[in-house]
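Okay, structure first, notes after.
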Amino acid sequence: MRTIQELQASIARLKQESDVCILAHSYQSPDILEAADVTGDSYQLSVSARQSNCKRLLVCGVRFMAETAKLLNPDKDVFEANPEAGCPMAEQFTPEQILAEKAKYPDCAVVAYVNTTAAIKAVSDVCVTSSSALQIVKAMPQTDILFIPDCNLGAYVQAHCPEKRIHLVQGGCPYHGAITLEEVLAAKQAHPNALLLVHPECNPKISAMADFVGATSNIMRYAKESDAEEFLIGTEISIVMHLSMACPDKRFYPMASRLICPDMRVTTLADVERVLREIADGSAAAVTLPVAVSQGARHSLEQMLCYGNG
């Protein structure tokens with residue numbers, strides 16, 4: 001059986017031979033992050049995908065991230081490390097449902113969380129990430145905003161943008177959104193000195209209790225730069241492990257032990273190497289999107305990067 005070190009060495013050789021840039025979301029396991037060329041949250045990966053000079057991109061994350069990379073790099077071949085990695089939030093609405101909601105507010109702009117399919121992005125005016133949503137919505141000229149699909153993130157934006165009218169649909173992350181106030185109170189009781197750092201996909205009542213609310217990358221940055229020694233991490237549980245490795249002098253605890261995204265657990269280091277081998281021998285299936293969908297979806301992403309100074 002090969003070791004992690006041997007797999008990583010093989011990956012380093014294969015990606016160089018095939019001119020591949022590996023993009024890995026922060027929720028991936030440490031062995032994959034170490035093999036990647038770029039790591040970060042959705043916004044960081046979106047920007048980095050465009051900036052890469054490589055001919056090919058390999059995305060370690062979930063399906064909508066690979067679609068986003070392809071939309072922003074139409075002339076590059078984009079591959080998924082594991083095509084089985086989906087996102088329940090991204091796939092919970094159809095374009096027809098969103099258009100029906102938009103019809104209720106004829107003057108609104110549709111703001112789509114990047115955690116959506118390309119087909120949903122195609123019927124939206126602009127995309128946002130958890131790190132850029134507030135900045136982008138504030139900068140938009142429209143007063144009425146249909147924010148899809150995460151109602152918790154949308155509520156967070158509304159609380160900080162009282163000048164806007166945010167219309168929500170009842171969707172969101174089934175993992176962040178399922179954590180209860182009782183679980184958080186129990187965690188705070190167990191670790192009374194720990195600061196609570198929360199992702200805005202969590203329930204607004206939980207966000208209101210937090211010492212800091214922000215995207216995954218901002219949570220990590222805050223924890224690393226803070227003088228505090230203990231933290232409750234209110235996002236995917238993998239971040240507890242990553243921060244513990246990066247800051248051995250600090251203590252990190254999960255806000256809830258069940259805050260786990262199974263789709264982010266699907267991809268393995270062996271998957272990464274396998275796809276790189278398939279790229280090398282020409283058998284790998286690249287991400288493809290219908291032309292009509294690509295045009296609209298690319299526009300909404302371009303608007304995101306424009307508003308977000310990406």
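Going through the structure tokens in order, the chains are called A, B, and so on, while each chain numbers its residues from 1 and the ligands are numbered from 1 in the order shown.
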Quick one: residues within 10 Å of His191 (chain A), only C-alpha atoms counted, chain neighbours fewer than 2 positions away excluded, as a ChimeraX atom specification?
/A:185-189,193-196,230-232,252-253
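With only C-alpha atoms taken into account, the protein and nucleic acid residues at most 7 Å from region 207-217 of chain A (excluding it and anything under 5 positions from it in its own chain) are Gly40, Asp41, Ser130, Ser131, Leu195, Leu196, Leu197, Val198, His199, Pro200 and Cys202 of chain A.
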I need the residues of region 6-247 of chain A that end up classed as strand (DSSP E) by DSSP on the backbone, written out as an mmCIF file with C-alpha atoms, in the first residue's frame.
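Done, and the output landed in out_18.cif:
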data_model
loop_
_atom_site.group_PDB
_atom_site.id
_atom_site.type_symbol
_atom_site.label_atom_id
_atom_site.label_comp_id
_atom_site.auth_asym_id
_atom_site.auth_seq_id
_atom_site.Cartn_x
_atom_site.Cartn_y
_atom_site.Cartn_z
ATOM 1 C CA VAL A 20 -2.616 21.201 -14.196
ATOM 2 C CA CYS A 21 -3.456 23.647 -11.413
ATOM 3 C CA ILE A 22 -5.161 21.962 -8.450
ATOM 4 C CA LEU A 23 -7.795 24.069 -6.677
ATOM 5 C CA ALA A 24 -8.918 22.747 -3.274
ATOM 6 C CA HIS A 25 -11.654 24.145 -1.059
ATOM 7 C CA VAL A 38 -4.497 26.990 -4.474
ATOM 8 C CA THR A 39 -6.640 26.609 -1.357
ATOM 9 C CA GLY A 40 -9.396 28.784 0.046
ATOM 10 C CA ARG A 56 -6.010 22.628 -17.102
ATOM 11 C CA LEU A 57 -7.752 22.982 -13.746
ATOM 12 C CA LEU A 58 -8.567 20.183 -11.301
ATOM 13 C CA VAL A 59 -11.159 21.104 -8.674
ATOM 14 C CA CYS A 60 -11.226 19.372 -5.296
ATOM 15 C CA ASP A 77 -10.162 22.104 -19.545
ATOM 16 C CA VAL A 78 -11.667 21.751 -16.070
ATOM 17 C CA PHE A 79 -11.941 18.443 -14.208
ATOM 18 C CA GLU A 80 -13.583 17.279 -10.985
ATOM 19 C CA ALA A 109 -32.332 41.976 -8.966
ATOM 20 C CA VAL A 110 -31.650 38.276 -8.452
ATOM 21 C CA VAL A 111 -28.591 37.728 -6.272
ATOM 22 C CA ALA A 112 -27.444 34.102 -6.312
ATOM 23 C CA TYR A 113 -25.138 32.615 -3.731
ATOM 24 C CA VAL A 126 -25.053 38.610 -9.971
ATOM 25 C CA CYS A 127 -23.413 35.922 -7.854
ATOM 26 C CA VAL A 128 -22.029 36.406 -4.362
ATOM 27 C CA ASP A 144 -35.236 45.205 -4.148
ATOM 28 C CA ILE A 145 -33.116 42.063 -4.016
ATOM 29 C CA LEU A 146 -34.256 38.467 -4.426
ATOM 30 C CA PHE A 147 -31.544 36.603 -2.531
ATOM 31 C CA ILE A 148 -31.211 32.888 -3.308
ATOM 32 C CA ARG A 165 -35.446 45.127 0.705
ATOM 33 C CA ILE A 166 -34.204 41.549 0.706
ATOM 34 C CA HIS A 167 -36.710 38.929 -0.464
ATOM 35 C CA LEU A 168 -35.817 35.397 0.590
ATOM 36 C CA LEU A 195 -14.806 33.015 21.349
ATOM 37 C CA LEU A 196 -17.654 31.948 19.054
ATOM 38 C CA LEU A 197 -16.815 32.337 15.338
ATOM 39 C CA VAL A 198 -19.802 31.628 13.083
ATOM 40 C CA PHE A 212 -17.407 37.117 14.866
ATOM 41 C CA VAL A 213 -19.491 36.232 11.786
ATOM 42 C CA GLU A 230 -9.790 29.346 22.698
ATOM 43 C CA PHE A 231 -12.378 29.322 19.930
ATOM 44 C CA LEU A 232 -15.665 27.641 19.087
ATOM 45 C CA ILE A 233 -15.701 27.203 15.298
ATOM 46 C CA GLY A 234 -19.147 27.558 13.769
#
Figure out the distance between CA of Val275 (chain A) and CA of Ser300 (chain A), please, to one decimal in Å.
29.3 Å
So that each row is one residue of region 74-127 of chain A with an atom at most 10 Å from region 174-184 of chain A, can you give its shortest atom pair and the distance in Å to one decimal, using only C-alpha atoms, rows by chain and rising number, as a Markdown table?
| residue | atom | partner | partner_atom | distance |
| --- | --- | --- | --- | --- |
| A:Cys87 | CA | A:Pro174 | CA | 9.7 |
| A:Pro88 | CA | A:Pro174 | CA | 7.3 |
| A:Met89 | CA | A:Pro174 | CA | 7.1 |
Could you save the residues just selected, with C-alpha atoms, as a short mmCIF file (atom, residue, chain, number, x, y, z; two decimals), in the first residue's frame?
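Result file out-v6.cif:
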data_model
loop_
_atom_site.label_atom_id
_atom_site.label_comp_id
_atom_site.auth_asym_id
_atom_site.auth_seq_id
_atom_site.Cartn_x
_atom_site.Cartn_y
_atom_site.Cartn_z
CA CYS A 87 -24.09 20.20 -2.91
CA PRO A 88 -27.66 19.89 -1.57
CA MET A 89 -28.03 23.66 -1.30
#
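Distance annotation: of A:Val293, A:Val137, A:Ile219, A:Ala100, the residue with the minimal separation from Thr117 (chain A) is A:Val293; atom set is only C-alpha atoms.
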Would you mind writing down, as number ranges by chain, each residue of region 27-141 of chain A that DSSP on the backbone assigns to alpha helix (DSSP H)?
A: 30-35, 42-51, 63-72, 95-102, 118-121, 133-139
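Distance-wise, CA of Met1 (chain A) and CA of Lys15 (chain A) end up 21.8 Å apart.
With distances restricted to only C-alpha atoms, A:Met304 is the closest residue to Ser132 (chain A) from A:Ala36, A:Ala297, A:Met304, A:Ala49.
Taking CA of Gly86 (chain A) and CA of Ala118 (chain A) as the two end points, the separation is 12.8 Å.
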Test item: residues at most 12 Å from Ser238 (chain A), only C-alpha atoms, excluding those fewer than 2 positions along its chain, as JSON, numbers by chain
{"A": [25, 26, 27, 28, 29, 30, 33, 216, 220, 233, 234, 235, 236, 240, 241, 242, 243, 244, 245, 252, 253, 254, 255, 256, 257, 258, 259, 260, 261, 262, 264, 265]}
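In terms of minimum interatomic distance to Leu153 (chain A), A:Pro204 ranks closest within A:Gly282, A:Pro204, A:Pro106, A:Pro141, counting only C-alpha atoms.
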Pick out the residues sitting within 8 Å of Thr143 (chain A), and hand them over as a list in words; count only C-alpha atoms, and ignore anything fewer than 4 positions along from it in its own chain.
Cys108, Glu163, Lys164 and Arg165 of chain A
